[in-house]
Each structure stands twice: as C-alpha cells, then as structure tokens.
Amino acid sequence: MAFAPKTQVFGSRINEVTIGVGDKSTVIGGVNVLPFYNFDEQQTIQPKIGAEISDLWPESFPAPGIASFYAGCTGMAEMAKRAETLEGVSFLCLAFEGADPNGLNKSVADCVAQAKEVAAAVEMPLVIMGCKNVEKDAELFSAMAEALQSKNVLILSAREENYKTVGASVALAYGHKVGAESAVDLNLAKQLNVIMTQLGVKPESMVMNVGSAAAGYGFEYLSSTLDRVRATALEQGDEMLQMPIVTPVSSETWSVKESMLPESEAPEWGCAEERGIEMEITTASACLAGGSDAVILAHPESIAAIHKMISALM
C-alpha cells in the first residue's frame with residue numbers, strides 16, 4: 001500500500017497586510033499552515049525580509065561588511081537606495097534611534113525630513129521604527145503618518161502606553177498600517193490587539209511585534225510565545241491573534257557581547273563580525289520557524305543567507 005501522508009490545513013488564516021504602493025508593494029501574512037509546512041499546502045506568500053537603516057549609522061552597526069556595503073553614502077536616503085538593490089529584501093525599515101531624549105534627542109521635524117527624503121528616493125515599502133521612548137515615539141509616529149500619508153507605510157510600534165495616540169493618528173487618520181508591540185506574552189499580545197480594534201483600527205491594518213530577543217538571551221520565551229500565538233491563531237481560530245508577526249532582529253543581535261566584543265579581547269571566539277552575522281542568521285531563522293511573517297535584518301550577508309533559506313523551504 002502506498003504511503004499517504006496526512007496533511008493539516010487550517011480553516012483559519014493569518015491576515016494579509018499590504019504595505020507600500022504600486023508595483024513594489026508587498027504582502028505580509030496570508031498563510032494557513034504552520035511555518036514552512038508547504039507539504040501540507042503550498043503557500044503563495046513567502047515570509048518577508050526588511051533591511052534596517054538607522055539614523056545613527058555607522059555607530060549603530062559598525063560591522064565592516066555593513067560599512068563596506070554603504071560606503072560613500074552620506075545619509076539615510078542614499079543608504080535606502082543602496083539597500084533597495086539587495087536580493088531578497090521586500091521593504092526598508094527606517095530606525096530613528098537618534099530621536100531618543102536620553103540620547104541625541106533629534107527633533108521630530110528633523111526625523112520627518114529624513115523620512116521624506118527616503119520616500120522620495122526609493123520605491124520599496126517603508127517601515128518606521130522609533131527610539132523606544134513612549135512619549136517621543138507617539139509624537140514622532142503621528143508626524144510621520146501625516147508626512148507619508150500617500151505611502152501606505154507600516155509604523156512599529158504602538159504599545160499599551162501610547163496605542164490610542166499612535167493608533168488614531170497612524171491607522172485611523174491617515175490609513176497606514178500599525179504594529180502592536182507587546183512584551184513576549186500571548187495574553188498581552190491579544191489584549192493589545194483587542195483594545196486597538198476597539199479603538200477602531202481594522203485587523204487588516206495591523207501587524208504584531210510580540211517581542212524580540214537574540215538567540216541565547218531569553219529566546220526560549222520568545223520561541224514559546226511565537227509558537228503559542230501561531231497555534232492559537234490557526235488551530236483555535238482566534239481572530240485577535242491572526243495579525244501577521246513582524247520581528248525586528250538586527251537591533252537585538254548586534255547589541256549583545258557575542259557580536260560586539262573585539263577579537264583582541266576574546267581571540268578564542270574568532271572574528272567579531274562573523275559572530276554577529278551568525279547571531280543574526282540564527283535568530284532570524286528561529287523566528288521564522290516559530291511563526292514570524294517578516295524579519296528585519298541589517299547585514300547584507302545575513303539577508304542573503306535568510307533569503308536563500310526561505311527560497312529553499314518555499
């Protein structure tokens with residue numbers, strides 16, 4: 001008797017969220033099987049990769065390979081045009097870390113001006129990340145939503161402390177997509193999704209950032225959260241957890257000691273840049289296997305490796 005494998009296709013599906021406009025727009029989500037289970041049913045929408053561009057470069061990502069790739073670039077717009085050429089990249093993520101009041105405290109106007117320059121220079125969809133200061137991000141995201149209102153951008157992220165301001169300005173007033181960011185907990189993720197929809201934000205205008213961590217740094221908590229969120233969304237049909245998951249990886253993996261400690265201080269660890277690339281690849285691949293629909297990376301070699309992995313498994 002021939003072997004007949006059993007398949008598991010769920011009646012529920014992760015929402016499709018479109019970012020960007022025109023031919024370069026991209027869709028995140030849209031799957032109805034577990035990650036990379038294409039033997040159950042072939043999926044037409046692949047996981048996506050975003051390239052992170054920080055307003056604090058090169059200090060934010062000092063790896064030689066990143067510096068070499070962006071050599072000659074004098075601002076975020078030129079970096080974005082360069083990143084747009086990377087094979088496998090579907091969107092560009094602009095991180096405005098310099099807006100942090102405890103850091104450079106760049107003005108909202110300056111950040112918006114940079115974002116507008118990027119938007120005018122590239123065709124790929126844009127994702128906007130802030131400085132992780134709740135008050136400053138709320139102000140920054142509102143201004144970004146107004147300035148980029150024709151670009152259908154994704155703003156990461158609204159949190160419990162500022163979701164009303166961010167949700168109302170980003171999604172309701174200007175029709176952009178918004179991320180709901182929670183702290184590695186299924187119940188917190190669902191609660192934030194519920195109150196954002198009660199605010200009036202449509203589920204198809206939302207993605208989730210359920211948290212991020214570098215491999216080895218509490219990643220087991222993130223891994224179990226990703227698994228539980230995806231299982232609850234598909235197996236139990238929970239509509240409040242059927243938003244796609246977008247995970248920022250680079251900001252976590254390039255800030256740990258394994259990526260930062262110079263080879264001169266730990267020669268037994270080998271090349272620092274290679275360690276950083278391996279950390280970024282390992283974390284991103286684990287996130288995708290757990291249920292992330294998109295990951296945000298920084299190093300061109302990491303992007304190439306994850307693109308190759310996705311292509312091989314899809």
# chains A, B, ... in the order shown; residues from 1 in each chain; ligands from 1

call {"tool": "residues_around", "arguments": {"residues": "segment 216-228 of chain A", "least_positions_apart": "3", "cutoff": "8 Å", "atoms": "only C-alpha atoms", "output": "ChimeraX atom specification"}}
result
/A:184-186,210-213,231-232,286-287,290-292

call {"tool": "residues_around", "arguments": {"residues": "Met314 of chain A", "least_positions_apart": "2", "cutoff": "9 Å", "atoms": "only C-alpha atoms", "output": "NGL selection string"}}
result
:A and (36-38 or 42-44 or 46 or 309-312)

call {"tool": "select_by_dssp", "arguments": {"residues": "segment 78-206 of chain A", "states": "helix (DSSP H, G or I)", "output": "PyMOL selection string"}}
result
chain A and resi 78-83+97-99+108-121+134-147+163-173+186-199+203-205

call {"tool": "select_by_dssp", "arguments": {"residues": "segment 92-182 of chain A", "states": "strand (DSSP E)", "output": "number ranges by chain"}}
result
A: 92-95, 126-129, 154-158, 177-181

call {"tool": "residues_around", "arguments": {"residues": "segment 265-275 of chain A", "least_positions_apart": "4", "cutoff": "8 Å", "atoms": "only C-alpha atoms", "output": "PDB file with C-alpha atoms, in the first residue's frame"}}
result
ATOM      1  CA  ALA A  63      30.497  45.841  11.307  1.00  0.00           C
ATOM      2  CA  PRO A  64      32.996  46.190   8.407  1.00  0.00           C
ATOM      3  CA  GLY A  65      30.700  44.362   5.983  1.00  0.00           C
ATOM      4  CA  GLU A 258      28.979  37.912  21.186  1.00  0.00           C
ATOM      5  CA  SER A 259      28.568  40.405  18.347  1.00  0.00           C
ATOM      6  CA  MET A 260      30.350  43.370  19.904  1.00  0.00           C
ATOM      7  CA  LEU A 261      33.357  42.027  21.835  1.00  0.00           C
ATOM      8  CA  MET A 279      23.848  35.547  15.653  1.00  0.00           C
TER       9      MET A 279
END
